[in-house]
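structure19.tsv (TSV, C-alpha atoms and all ligand atoms)
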```
chain	number	residue	atom	x	y	z
G	1348	MET	CA	-4.51	18.27	33.77
G	1349	ASP	CA	-2.73	18.15	30.50
G	1350	ASN	CA	-2.74	21.67	29.10
G	1351	LYS	CA	-1.24	20.71	25.75
G	1352	ILE	CA	-3.28	21.75	22.72
G	1353	GLU	CA	-5.78	19.04	21.86
G	1354	LYS	CA	-4.94	17.47	18.53
G	1355	LYS	CA	-7.45	17.30	15.70
G	1356	ILE	CA	-6.88	14.21	13.63
G	1357	LEU	CA	-9.10	13.12	10.78
G	1358	LEU	CA	-9.36	9.60	9.39
G	1359	ILE	CA	-10.89	9.59	5.94
G	1360	ASP	CA	-12.23	6.24	4.81
G	1361	MET	CA	-13.58	6.02	1.25
G	1362	ASN	CA	-16.88	4.12	1.06
G	1363	SER	CA	-16.90	0.82	-0.90
G	1364	TYR	CA	-13.92	2.31	-2.68
G	1365	PHE	CA	-13.21	-0.03	-5.61
G	1366	ALA	CA	-16.88	-0.40	-6.53
G	1367	SER	CA	-17.38	3.37	-6.27
G	1368	VAL	CA	-14.38	4.06	-8.53
G	1369	GLU	CA	-15.84	1.64	-11.10
G	1370	GLN	CA	-19.18	3.46	-10.92
G	1371	MET	CA	-17.38	6.77	-11.31
G	1372	CYS	CA	-15.52	5.54	-14.43
G	1373	ASN	CA	-18.55	3.92	-16.02
G	1374	PRO	CA	-21.77	5.91	-15.61
G	1375	ALA	CA	-23.79	2.88	-16.77
G	1376	LEU	CA	-22.96	1.29	-13.41
G	1377	LYS	CA	-24.16	4.25	-11.33
G	1378	GLY	CA	-26.91	3.39	-8.87
G	1379	LYS	CA	-26.63	-0.30	-9.77
G	1380	PRO	CA	-25.43	-3.30	-7.78
G	1381	VAL	CA	-21.74	-3.77	-8.63
G	1382	ILE	CA	-19.18	-6.20	-7.30
G	1383	VAL	CA	-15.47	-5.95	-7.89
G	1384	CYS	CA	-13.49	-9.18	-8.00
G	1385	GLY	CA	-10.22	-10.64	-9.27
G	1386	ARG	CA	-9.95	-12.85	-12.34
G	1387	GLY	CA	-10.44	-16.61	-12.26
G	1388	ARG	CA	-11.92	-18.45	-9.28
G	1389	THR	CA	-12.22	-15.57	-6.94
G	1390	VAL	CA	-14.36	-13.80	-4.35
G	1391	VAL	CA	-16.07	-10.44	-3.95
G	1392	VAL	CA	-13.40	-7.88	-3.05
G	1393	THR	CA	-15.77	-4.92	-2.75
G	1394	ALA	CA	-19.54	-4.60	-3.19
G	1395	SER	CA	-21.30	-1.31	-3.96
G	1396	TYR	CA	-23.91	-0.19	-1.44
G	1397	GLU	CA	-26.61	-1.14	-3.97
G	1398	ALA	CA	-25.21	-4.70	-4.02
G	1399	ARG	CA	-24.99	-4.77	-0.22
G	1400	GLU	CA	-28.73	-4.16	-0.07
G	1401	TYR	CA	-29.15	-7.64	-1.55
G	1402	GLY	CA	-27.02	-9.07	1.23
G	1403	ILE	CA	-23.84	-9.36	-0.85
G	1404	LYS	CA	-20.71	-9.10	1.27
G	1405	THR	CA	-16.94	-9.00	0.80
G	1406	GLY	CA	-15.48	-12.51	0.72
G	1407	MET	CA	-18.50	-14.21	-0.90
G	1408	THR	CA	-17.98	-16.34	-4.00
G	1409	ILE	CA	-19.38	-15.08	-7.32
G	1410	PRO	CA	-22.12	-17.80	-7.52
G	1411	GLU	CA	-23.19	-16.88	-3.97
G	1412	ALA	CA	-23.44	-13.22	-4.96
G	1413	ARG	CA	-25.33	-14.09	-8.17
G	1414	LYS	CA	-27.81	-16.15	-6.19
G	1415	LEU	CA	-28.64	-13.13	-4.03
G	1416	CYS	CA	-28.80	-10.75	-7.00
G	1417	PRO	CA	-28.93	-12.35	-10.47
G	1418	ASN	CA	-28.45	-8.97	-12.21
G	1419	VAL	CA	-25.39	-7.96	-10.26
G	1420	ASN	CA	-22.71	-6.26	-12.41
G	1421	ILE	CA	-19.38	-8.03	-12.10
G	1422	VAL	CA	-16.27	-5.96	-12.72
G	1423	TYR	CA	-12.71	-7.28	-12.73
G	1424	GLY	CA	-10.70	-5.09	-10.44
G	1425	ASN	CA	-7.98	-2.85	-11.79
G	1426	LEU	CA	-5.61	-2.03	-8.98
G	1427	ASP	CA	-3.67	0.51	-11.04
G	1428	LYS	CA	-6.82	2.52	-11.54
G	1429	TYR	CA	-7.54	2.55	-7.79
G	1430	ILE	CA	-3.99	3.56	-6.89
G	1431	ASP	CA	-4.10	6.30	-9.51
G	1432	THR	CA	-7.41	7.64	-8.14
G	1433	SER	CA	-6.02	7.49	-4.57
G	1434	LEU	CA	-3.06	9.64	-5.58
G	1435	LYS	CA	-5.45	12.22	-7.05
G	1436	ILE	CA	-7.59	12.15	-3.89
G	1437	HIS	CA	-4.49	12.76	-1.74
G	1438	LYS	CA	-4.00	16.07	-3.56
G	1439	ILE	CA	-7.25	17.35	-2.02
G	1440	PHE	CA	-5.97	16.53	1.48
G	1441	LEU	CA	-2.61	18.14	0.71
G	1442	ASP	CA	-4.37	21.44	-0.01
G	1443	PHE	CA	-4.81	21.72	3.78
G	1444	THR	CA	-1.56	20.31	5.20
G	1445	ASP	CA	1.31	17.96	4.43
G	1446	ARG	CA	0.50	15.96	7.58
G	1447	VAL	CA	-1.24	13.35	5.47
G	1448	GLU	CA	-0.39	9.73	6.26
G	1449	VAL	CA	-1.59	7.03	3.91
G	1450	PHE	CA	-2.97	4.17	6.00
G	1451	SER	CA	-4.25	2.02	3.15
G	1452	ILE	CA	-5.35	2.42	-0.44
G	1453	ASP	CA	-8.63	4.02	0.68
G	1454	GLU	CA	-7.80	5.49	4.09
G	1455	CYS	CA	-5.70	8.47	5.17
G	1456	PHE	CA	-4.99	10.20	8.47
G	1457	ILE	CA	-4.75	13.99	8.37
G	1458	ASP	CA	-3.52	16.08	11.30
G	1459	VAL	CA	-5.18	19.50	10.97
G	1460	THR	CA	-4.28	20.79	14.47
G	1461	ASP	CA	-2.02	23.55	13.13
G	1462	VAL	CA	-4.26	24.66	10.28
G	1463	GLU	CA	-7.85	24.20	11.47
G	1464	ASN	CA	-8.24	27.86	12.42
G	1465	TYR	CA	-7.66	28.94	8.82
G	1466	TYR	CA	-10.66	26.91	7.72
G	1467	GLY	CA	-13.17	27.50	10.50
G	1468	GLY	CA	-12.31	24.37	12.45
G	1469	ALA	CA	-11.65	20.66	11.87
G	1470	GLU	CA	-15.31	19.88	11.27
G	1471	ASN	CA	-15.44	22.41	8.49
G	1472	ILE	CA	-12.33	20.91	6.89
G	1473	ALA	CA	-14.08	17.52	6.96
G	1474	LEU	CA	-17.14	19.03	5.27
G	1475	ILE	CA	-15.03	20.74	2.58
G	1476	ILE	CA	-13.22	17.44	1.90
G	1477	LYS	CA	-16.54	15.59	1.63
G	1478	ARG	CA	-17.93	18.17	-0.77
G	1479	ARG	CA	-14.82	18.12	-2.98
G	1480	LEU	CA	-14.71	14.32	-3.12
G	1481	LYS	CA	-18.36	14.30	-4.13
G	1482	TYR	CA	-18.08	17.00	-6.82
G	1483	GLU	CA	-14.63	16.22	-8.18
G	1484	PHE	CA	-14.85	12.41	-8.06
G	1485	GLY	CA	-18.45	11.49	-7.34
G	1486	LEU	CA	-17.17	9.54	-4.31
G	1487	THR	CA	-18.36	9.47	-0.71
G	1488	CYS	CA	-16.36	8.84	2.44
G	1489	SER	CA	-16.79	8.42	6.17
G	1490	ILE	CA	-14.74	10.73	8.34
G	1491	GLY	CA	-13.84	10.37	12.00
G	1492	ILE	CA	-12.32	13.23	13.99
G	1493	GLY	CA	-10.53	12.59	17.27
G	1494	PRO	CA	-7.65	13.75	19.48
G	1495	ASN	CA	-5.47	10.88	18.18
G	1496	LYS	CA	-5.31	8.25	15.43
G	1497	VAL	CA	-7.00	5.45	17.39
G	1498	ILE	CA	-10.04	7.56	18.28
G	1499	ALA	CA	-10.25	9.04	14.76
G	1500	LYS	CA	-10.20	5.54	13.28
G	1501	LEU	CA	-12.87	4.24	15.65
G	1502	ALA	CA	-15.00	7.35	15.04
G	1503	ALA	CA	-14.87	6.91	11.24
G	1504	LYS	CA	-16.40	3.45	11.61
G	1505	MET	CA	-19.45	4.78	13.43
G	1506	LYS	CA	-21.39	5.87	10.38
G	1507	LYS	CA	-21.17	4.40	6.86
G	1508	PRO	CA	-21.67	5.49	4.17
G	1509	ASP	CA	-21.07	9.23	4.06
G	1510	GLY	CA	-20.68	9.67	7.83
G	1511	LEU	CA	-18.99	12.30	9.96
G	1512	THR	CA	-18.35	11.51	13.63
G	1513	ILE	CA	-16.50	13.84	15.96
G	1514	ILE	CA	-15.16	12.69	19.31
G	1515	PRO	CA	-13.38	15.44	21.24
G	1516	GLN	CA	-11.09	14.51	24.14
G	1517	LYS	CA	-13.76	15.28	26.74
G	1518	LYS	CA	-16.13	12.73	25.15
G	1519	VAL	CA	-13.54	9.96	24.71
G	1520	GLN	CA	-14.30	8.17	27.98
G	1521	ASP	CA	-18.07	8.07	27.33
G	1522	PHE	CA	-17.44	6.87	23.79
G	1523	LEU	CA	-15.21	4.02	24.98
G	1524	LYS	CA	-17.77	2.99	27.61
G	1525	GLU	CA	-20.32	2.44	24.89
G	1526	LEU	CA	-17.99	0.80	22.40
G	1527	SER	CA	-18.26	-3.00	22.26
G	1528	ILE	CA	-15.01	-4.89	21.84
G	1529	GLU	CA	-16.15	-6.32	18.46
G	1530	LYS	CA	-16.32	-2.81	17.06
G	1531	MET	CA	-12.60	-2.30	17.65
G	1532	GLN	CA	-11.53	-4.24	14.56
G	1533	GLY	CA	-9.14	-2.40	12.27
G	1534	ILE	CA	-6.97	-1.07	15.11
G	1535	GLY	CA	-5.18	-4.30	15.92
G	1536	ILE	CA	-8.02	-6.13	17.65
G	1537	GLY	CA	-9.30	-8.84	15.36
G	1538	LYS	CA	-12.20	-11.23	15.68
G	1539	HIS	CA	-10.33	-13.95	17.59
G	1540	LEU	CA	-8.78	-11.50	19.99
G	1541	ALA	CA	-12.18	-9.92	20.66
G	1542	GLU	CA	-13.52	-13.40	21.54
G	1543	LYS	CA	-10.62	-13.97	23.90
G	1544	PHE	CA	-11.26	-10.64	25.62
G	1545	LYS	CA	-14.91	-11.52	26.09
G	1546	LYS	CA	-13.95	-14.76	27.81
G	1547	LEU	CA	-11.94	-12.62	30.24
G	1548	GLY	CA	-15.03	-10.51	30.95
G	1549	ILE	CA	-13.85	-7.61	28.75
G	1550	ASN	CA	-16.87	-6.55	26.70
G	1551	THR	CA	-16.25	-2.89	25.95
G	1552	ALA	CA	-13.27	-0.70	25.14
G	1553	ALA	CA	-13.58	0.86	28.60
G	1554	ASP	CA	-13.42	-2.63	30.20
G	1555	LEU	CA	-10.14	-3.12	28.35
G	1556	GLY	CA	-8.85	0.22	29.61
G	1557	ASN	CA	-9.77	-0.67	33.20
G	1558	ALA	CA	-8.37	-4.22	33.08
G	1559	ASP	CA	-5.58	-5.17	35.46
G	1560	PRO	CA	-2.28	-4.57	33.61
G	1561	MET	CA	-0.69	-7.62	35.26
G	1562	MET	CA	-3.52	-9.82	34.02
G	1563	LEU	CA	-3.23	-8.38	30.49
G	1564	SER	CA	0.54	-8.84	30.33
G	1565	GLY	CA	0.10	-12.36	31.73
G	1566	TYR	CA	-2.11	-13.26	28.77
G	1567	PHE	CA	-0.65	-11.09	26.01
G	1568	GLY	CA	2.95	-10.29	27.03
G	1569	ILE	CA	4.21	-6.87	26.01
G	1570	LEU	CA	1.10	-6.36	23.88
G	1571	GLY	CA	-0.92	-6.23	27.12
G	1572	GLN	CA	0.03	-2.60	27.69
G	1573	VAL	CA	-0.65	-1.74	24.04
G	1574	TYR	CA	-4.18	-3.12	24.34
G	1575	LYS	CA	-4.74	-1.32	27.62
G	1576	ASN	CA	-3.74	1.98	25.98
G	1577	ILE	CA	-6.15	1.35	23.11
G	1578	GLY	CA	-8.88	0.71	25.70
G	1579	LEU	CA	-7.98	3.98	27.42
G	1580	GLY	CA	-8.03	5.82	24.10
G	1581	ILE	CA	-4.35	6.75	24.44
G	1582	ASP	CA	-2.20	6.96	21.32
G	1583	TYR	CA	0.86	9.16	20.90
G	1584	THR	CA	1.90	8.12	17.39
G	1585	PRO	CA	2.17	11.18	15.14
G	1586	VAL	CA	0.64	11.56	11.68
G	1587	ARG	CA	3.62	11.36	9.35
G	1588	SER	CA	4.23	13.88	6.59
G	1589	TYR	CA	3.12	12.81	3.12
G	1590	TYR	CA	6.57	13.77	1.88
G	1591	ASP	CA	8.52	11.54	4.27
G	1592	LYS	CA	10.82	9.98	1.77
G	1593	PRO	CA	11.53	6.26	1.66
G	1594	PRO	CA	14.98	5.43	3.14
G	1595	VAL	CA	16.43	4.73	-0.28
G	1596	LYS	CA	16.29	6.90	-3.40
G	1597	SER	CA	17.31	4.40	-6.03
G	1598	VAL	CA	18.23	0.74	-6.16
G	1599	GLY	CA	20.32	-0.90	-8.83
G	1600	HIS	CA	22.96	-3.37	-9.87
G	1601	SER	CA	25.75	-3.27	-12.44
G	1602	TYR	CA	28.06	-5.84	-13.93
G	1603	THR	CA	31.40	-5.68	-15.72
G	1604	PHE	CA	31.63	-8.48	-18.28
G	1605	PRO	CA	34.62	-10.82	-18.03
G	1606	GLN	CA	35.27	-9.90	-21.68
G	1607	ASP	CA	33.63	-7.15	-23.76
G	1608	THR	CA	30.71	-8.43	-25.80
G	1609	ASN	CA	28.15	-7.45	-28.42
G	1610	ASN	CA	26.26	-10.74	-28.23
G	1611	ILE	CA	22.64	-9.67	-27.72
G	1612	GLU	CA	21.63	-12.95	-26.06
G	1613	VAL	CA	24.43	-12.67	-23.54
G	1614	ILE	CA	23.55	-9.04	-22.78
G	1615	LYS	CA	19.86	-9.91	-22.39
G	1616	SER	CA	20.52	-12.75	-20.02
G	1617	TYR	CA	22.75	-10.56	-17.85
G	1618	LEU	CA	20.07	-7.93	-17.93
G	1619	LEU	CA	17.62	-10.51	-16.59
G	1620	MET	CA	20.00	-11.42	-13.79
G	1621	LEU	CA	20.53	-7.73	-12.87
G	1622	SER	CA	16.77	-7.11	-13.01
G	1623	GLU	CA	16.12	-10.04	-10.69
G	1624	LYS	CA	18.68	-8.79	-8.20
G	1625	THR	CA	17.27	-5.26	-8.35
G	1626	GLY	CA	13.72	-6.56	-7.80
G	1627	GLU	CA	14.87	-8.66	-4.87
G	1628	ARG	CA	16.51	-5.64	-3.28
G	1629	LEU	CA	13.45	-3.44	-3.80
G	1630	ARG	CA	11.28	-6.05	-2.14
G	1631	TYR	CA	13.75	-6.30	0.72
G	1632	TYR	CA	13.24	-2.57	1.33
G	1633	LYS	CA	9.46	-3.03	0.87
G	1634	MET	CA	9.46	-0.58	-2.01
G	1635	ALA	CA	8.41	-0.34	-5.63
G	1636	GLY	CA	9.53	2.10	-8.30
G	1637	LYS	CA	8.42	3.45	-11.64
G	1638	THR	CA	11.53	4.77	-13.37
G	1639	VAL	CA	13.93	2.34	-15.04
G	1640	CYS	CA	17.42	3.49	-15.97
G	1641	ILE	CA	19.87	1.55	-18.14
G	1642	PHE	CA	23.56	2.36	-18.09
G	1643	ILE	CA	26.07	0.95	-20.55
G	1644	ARG	CA	29.83	1.52	-20.68
G	1645	PHE	CA	31.40	0.53	-23.99
G	1646	SER	CA	34.80	-1.00	-24.69
G	1647	ASP	CA	36.22	2.49	-25.45
G	1648	PHE	CA	34.91	3.73	-22.05
G	1649	SER	CA	32.28	5.97	-23.64
G	1650	HIS	CA	28.87	5.48	-22.05
G	1651	ILE	CA	25.16	5.86	-22.61
G	1652	MET	CA	22.36	6.22	-20.06
G	1653	ARG	CA	18.68	6.04	-20.91
G	1654	ARG	CA	15.69	6.11	-18.61
G	1655	ASN	CA	11.95	5.84	-18.86
G	1656	THR	CA	9.20	6.50	-16.32
G	1657	TYR	CA	6.08	4.36	-16.32
G	1658	PRO	CA	2.65	5.24	-14.94
G	1659	HIS	CA	2.61	2.44	-12.37
G	1660	TYR	CA	4.85	1.09	-9.63
G	1661	PHE	CA	6.43	-2.36	-9.89
G	1662	ASN	CA	9.10	-4.41	-8.12
G	1663	SER	CA	9.25	-7.80	-9.78
G	1664	GLY	CA	12.40	-8.82	-11.63
G	1665	VAL	CA	10.42	-9.85	-14.70
G	1666	GLU	CA	8.69	-6.47	-14.88
G	1667	ILE	CA	12.00	-4.63	-14.53
G	1668	PHE	CA	13.53	-6.88	-17.20
G	1669	LYS	CA	10.68	-6.30	-19.67
G	1670	LYS	CA	10.98	-2.55	-19.25
G	1671	SER	CA	14.77	-2.62	-19.51
G	1672	ILE	CA	14.54	-4.53	-22.79
G	1673	GLU	CA	12.06	-1.96	-24.06
G	1674	ILE	CA	14.56	0.83	-23.32
G	1675	LEU	CA	17.43	-1.11	-24.90
G	1676	VAL	CA	15.53	-1.88	-28.09
G	1677	LYS	CA	14.17	1.63	-28.43
G	1678	ASN	CA	17.24	3.67	-27.52
G	1679	ILE	CA	20.41	1.63	-27.57
G	1680	PHE	CA	20.24	-1.26	-30.06
G	1681	PRO	CA	21.78	-1.92	-32.54
G	1682	LEU	CA	25.10	-1.81	-30.77
G	1683	SER	CA	27.90	0.00	-32.55
G	1684	LYS	CA	30.55	-1.06	-30.06
G	1685	LYS	CA	31.18	-3.90	-27.65
G	1686	VAL	CA	29.79	-3.56	-24.14
G	1687	ARG	CA	32.08	-3.51	-21.12
G	1688	LEU	CA	29.62	-2.78	-18.28
G	1689	LEU	CA	25.87	-3.03	-17.96
G	1690	GLY	CA	23.77	-1.46	-15.18
G	1691	VAL	CA	20.09	-1.30	-14.25
G	1692	SER	CA	18.53	0.92	-11.62
G	1693	ILE	CA	15.06	1.81	-10.40
G	1694	SER	CA	14.07	5.17	-8.97
G	1695	GLY	CA	10.82	7.06	-8.39
G	1696	LEU	CA	10.38	4.85	-5.34
G	1697	THR	CA	7.47	4.50	-2.98
G	1698	ARG	CA	6.77	2.43	0.08
G	1699	ILE	CA	4.38	-0.42	-0.50
G	1700	THR	CA	1.87	-1.69	2.00
G	1701	THR	CA	0.52	-5.20	2.01
G	1702	GLN	CA	-2.99	-3.80	1.60
G	1703	GLU	CA	-2.15	-2.99	-2.00
G	1704	TYR	CA	-2.15	-6.68	-2.82
G	1705	LEU	CA	-5.84	-7.35	-2.67
G	1706	PHE	CA	-6.35	-9.46	-5.70
G	1707	GLU	CA	-5.85	-13.16	-5.95
G	1708	GLU	CA	-3.39	-13.14	-8.86
G	1709	GLN	CA	-1.26	-10.47	-7.31
G	1710	ARG	CA	-1.40	-12.28	-4.00
G	1711	LYS	CA	-0.25	-15.49	-5.65
G	1712	ASN	CA	2.47	-13.72	-7.59
G	1713	LYS	CA	3.61	-11.97	-4.43
G	1714	LYS	CA	3.60	-15.26	-2.53
G	1715	LEU	CA	5.72	-16.85	-5.26
G	1716	ILE	CA	8.21	-13.98	-5.25
G	1717	GLU	CA	8.39	-14.07	-1.44
G	1718	THR	CA	9.04	-17.81	-1.48
G	1719	VAL	CA	11.81	-17.42	-4.06
G	1720	ASP	CA	13.35	-14.59	-2.01
G	1721	GLU	CA	13.17	-16.70	1.12
G	1722	ILE	CA	14.85	-19.74	-0.48
G	1723	ASN	CA	17.52	-17.57	-2.11
G	1724	GLY	CA	18.08	-15.83	1.19
G	1725	LYS	CA	18.59	-19.16	2.90
G	1726	TYR	CA	20.59	-21.10	0.33
G	1727	GLY	CA	22.36	-18.30	-1.57
G	1728	GLN	CA	21.43	-15.93	-4.33
G	1729	PHE	CA	19.96	-17.45	-7.50
G	1730	THR	CA	19.33	-20.92	-6.05
G	1731	ILE	CA	16.03	-20.45	-7.84
G	1732	LYS	CA	16.37	-18.42	-11.01
G	1733	PRO	CA	14.86	-17.92	-14.45
G	1734	LEU	CA	16.20	-20.35	-17.04
G	1735	SER	CA	17.73	-17.81	-19.43
G	1736	MET	CA	20.03	-16.68	-16.66
G	1737	LYS	CA	21.98	-19.87	-17.49
G	1738	ILE	CA	23.48	-18.11	-20.50
G	1739	ALA	CA	24.87	-15.43	-18.21
G	1740	GLU	CA	26.26	-18.08	-15.88
G	1741	ASN	CA	28.02	-19.88	-18.69
G	1742	PHE	CA	29.49	-16.64	-19.97
G	1743	GLY	CA	31.09	-15.43	-16.75
G	1744	ILE	CA	31.11	-15.47	-13.03
G	1745	LEU	CA	28.00	-14.05	-11.37
G	1746	LYS	CA	29.90	-13.12	-8.22
G	1747	LYS	CA	31.52	-10.13	-9.95
G	1748	CYS	CA	28.18	-8.38	-9.86
G	1749	GLY	CA	28.41	-4.93	-8.20
G	1750	VAL	CA	25.68	-3.48	-6.01
G	1751	PHE	CA	24.85	0.17	-5.71
G	1752	THR	CA	22.25	1.69	-3.47
G	1753	THR	CA	21.89	5.41	-2.89
G	1754	ARG	CA	20.83	6.42	0.57
G	1755	THR	CA	19.68	9.98	1.00
G	1756	TRP	CA	17.46	9.87	4.02
G	1757	LYS	CA	18.37	9.35	7.60
G	1758	LYS	CA	16.27	8.67	10.65
C	1801	MG	MG	-13.14	2.03	2.97
```

Re-express the file's structure as structure tokens.
Ligand SMILES: [Mg+2]
Amino acid sequence: MDNKIEKKILLIDMNSYFASVEQMCNPALKGKPVIVCGRGRTVVVTASYEAREYGIKTGMTIPEARKLCPNVNIVYGNLDKYIDTSLKIHKIFLDFTDRVEVFSIDECFIDVTDVENYYGGAENIALIIKRRLKYEFGLTCSIGIGPNKVIAKLAAKMKKPDGLTIIPQKKVQDFLKELSIEKMQGIGIGKHLAEKFKKLGINTAADLGNADPMMLSGYFGILGQVYKNIGLGIDYTPVRSYYDKPPVKSVGHSYTFPQDTNNIEVIKSYLLMLSEKTGERLRYYKMAGKTVCIFIRFSDFSHIMRRNTYPHYFNSGVEIFKKSIEILVKNIFPLSKKVRLLGVSISGLTRITTQEYLFEEQRKNKKLIETVDEINGKYGQFTIKPLSMKIAENFGILKKCGVFTTRTWKK
């Protein structure tokens, strides 16, 4: 018998999150059918529970949703608002422990093993969290409690909305016996995989746990063992601390001009080039930042540094460029001296998950950026580049561009 202390891990899943946030921000939408969608030709991203009663589901087109409920309220999603609300919600969790791992924009794991006794047990913590979310935000959530992340995640799916499901270690085996393979979505077993399992005679989680490991690795390679562990309800991955810092603290690029200049157009076009490179590097690290810093060294070697922090995270070159120009115009222009060196850097970094890109436009924009990065990675930097970068190219040699990246975190 394993006599280690049984872990108590919570998975908190906000119910119809985007639609609920919209209802919270606009009381006129409360209790009404609401769908959140992107702009243009798009689909339902989230439907409120009132809208779901009409049969409206995520992924439907707007005309389909309207057909089911002609009075449905359509709201264009505002991702910044949802991220902002998430960050405020995290503060509630952090009142208990720093073992808070963000899983997606509306889901967090919390490991309360070390602190549950201060609050009368894990279940009580879950109830306090539910109450605070309701009173402070008017939002509901479903919570699963289990001895590891996989079980907590599966438990949270049991009851929606506003559920609380607790599966202690001693009940795990019974729970898995009852759990059909289709209900294991969200922990790495998608629809197609579930179908494949069923063809192999695996209909429940327990069937998966009992399956012959040789057969599983024959079909799924090294993932075979991973699936078997999921079926057995085994998961050793820890809940990371909320304060685990990204591997990089700031990312930036600087450039020394081939000759000192006070030509605004030349400076702007170099700024664009530096912003593009900085954005590319941020995306390489899968990060976004919200503080832009501009550094200028003048011909007499005096220097000026100005920074500004914005409310939202970004990592596209264009966004960095726009903000850099803002700082230049507000704090540095008009130039009194010629410029020798120009630098841009981004700090206030965060990791970004793909789940943050839920809306069509952002998805398209992200796809475009990824394609550009891929081509540039293959054929050399700036194979594809914004037009005004031409000015910079004509003025000097791009290769002289210096890179600086500050690493402060090791693992
Ligand atoms: Mg949710």

inquiry  = What does the list of residues within 9 Å of ligand MG 1801 (chain C) look like if you count only C-alpha atoms and all ligand atoms, written as a VMD selection string?
reply    = chain G and resid 1359 to 1365 1451 to 1454 1488 to 1489

Output for the residues just chosen: C-alpha atoms as an mmCIF file, in the coordinates of the input:
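And here's result_4.cif as it stands now:
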```
data_model
loop_
_atom_site.group_PDB
_atom_site.id
_atom_site.type_symbol
_atom_site.label_atom_id
_atom_site.label_comp_id
_atom_site.auth_asym_id
_atom_site.auth_seq_id
_atom_site.Cartn_x
_atom_site.Cartn_y
_atom_site.Cartn_z
ATOM 1 C CA ILE G 1359 -10.890 9.590 5.940
ATOM 2 C CA ASP G 1360 -12.230 6.240 4.810
ATOM 3 C CA MET G 1361 -13.580 6.020 1.250
ATOM 4 C CA ASN G 1362 -16.880 4.120 1.060
ATOM 5 C CA SER G 1363 -16.900 0.820 -0.900
ATOM 6 C CA TYR G 1364 -13.920 2.310 -2.680
ATOM 7 C CA PHE G 1365 -13.210 -0.030 -5.610
ATOM 8 C CA SER G 1451 -4.250 2.020 3.150
ATOM 9 C CA ILE G 1452 -5.350 2.420 -0.440
ATOM 10 C CA ASP G 1453 -8.630 4.020 0.680
ATOM 11 C CA GLU G 1454 -7.800 5.490 4.090
ATOM 12 C CA CYS G 1488 -16.360 8.840 2.440
ATOM 13 C CA SER G 1489 -16.790 8.420 6.170
#
```

query = Near Val1419 (chain G), within 9 Å and counting all atoms listed in the file, which residues show up once chain neighbours fewer than 6 positions away are dropped, as a list of chain:residue names?
reply =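 Final neighbour list, sorted by chain and number: G:Lys1379, G:Pro1380, G:Val1381, G:Ile1382, G:Ala1398, G:Ala1412, G:Arg1413.
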
Just want the 12 Å neighbourhood of Lys1543 (chain G), counted on all atoms listed in the file, with same-chain residues fewer than 2 positions away dropped. Output as a PDB file with C-alpha atoms, in the coordinates of the input.
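Written file, around31.pdb:
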```
ATOM      1  CA  ILE G1528     -15.010  -4.890  21.840  1.00  0.00           C
ATOM      2  CA  GLU G1529     -16.150  -6.320  18.460  1.00  0.00           C
ATOM      3  CA  ILE G1536      -8.020  -6.130  17.650  1.00  0.00           C
ATOM      4  CA  GLY G1537      -9.300  -8.840  15.360  1.00  0.00           C
ATOM      5  CA  LYS G1538     -12.200 -11.230  15.680  1.00  0.00           C
ATOM      6  CA  HIS G1539     -10.330 -13.950  17.590  1.00  0.00           C
ATOM      7  CA  LEU G1540      -8.780 -11.500  19.990  1.00  0.00           C
ATOM      8  CA  ALA G1541     -12.180  -9.920  20.660  1.00  0.00           C
ATOM      9  CA  LYS G1545     -14.910 -11.520  26.090  1.00  0.00           C
ATOM     10  CA  LYS G1546     -13.950 -14.760  27.810  1.00  0.00           C
ATOM     11  CA  LEU G1547     -11.940 -12.620  30.240  1.00  0.00           C
ATOM     12  CA  GLY G1548     -15.030 -10.510  30.950  1.00  0.00           C
ATOM     13  CA  ILE G1549     -13.850  -7.610  28.750  1.00  0.00           C
ATOM     14  CA  ASN G1550     -16.870  -6.550  26.700  1.00  0.00           C
ATOM     15  CA  LEU G1555     -10.140  -3.120  28.350  1.00  0.00           C
ATOM     16  CA  LEU G1563      -3.230  -8.380  30.490  1.00  0.00           C
ATOM     17  CA  TYR G1566      -2.110 -13.260  28.770  1.00  0.00           C
ATOM     18  CA  PHE G1567      -0.650 -11.090  26.010  1.00  0.00           C
TER      19      PHE G1567
END
```

query = So how many Å separate CA of Ile1430 (chain G) and CA of Cys1372 (chain G), to one decimal?
reply =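 Pair CA of Ile1430 (chain G) / CA of Cys1372 (chain G) returns 13.9 Å.
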
ask   = Between CA of Ile1498 (chain G) and CA of Asp1445 (chain G), what is the distance, to one decimal in Å?
value =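 These atoms are spaced 20.7 Å apart.
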
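The space separating CA of Ser1694 (chain G) from CA of Thr1638 (chain G) comes to 5.1 Å.
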
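Between Glu1448 (chain G) and the candidates G:Phe1604, G:Tyr1617, G:Tyr1631, G:Tyr1589, the tightest atom-to-atom separation, counting only C-alpha atoms, involves G:Tyr1589.
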
Adding 5 Å on each side of the box along x, y and z that holds all listed atoms of region 1638-1648 of chain G, could you give its centre and edge lengths in Å to one decimal, as JSON?
```
{"center_x": 23.9, "center_y": 1.9, "center_z": -19.4, "size_x": 34.7, "size_y": 15.8, "size_z": 22.1}
```

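By chain and then residue number, the residues within 9 Å of Leu1689 (chain G) are G:His1600, G:Ser1601, G:Tyr1602, G:Thr1603, G:Phe1604, G:Ile1614, G:Tyr1617, G:Leu1618, G:Leu1621, G:Ile1641, G:Phe1642, G:Ile1643, G:Arg1644, G:Phe1645, counting all atoms listed in the file and disregarding those fewer than 6 positions away in sequence.
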
message = Which residues are near region 1661-1676 of chain G? Cut-off 7 Å, all atoms listed in the file, ignore same chain within fewer than 4 positions. Put them as a PyMOL selection string.
response = chain G and resi 1618-1619+1622-1623+1625-1626+1629-1630+1635-1637+1639+1641+1680
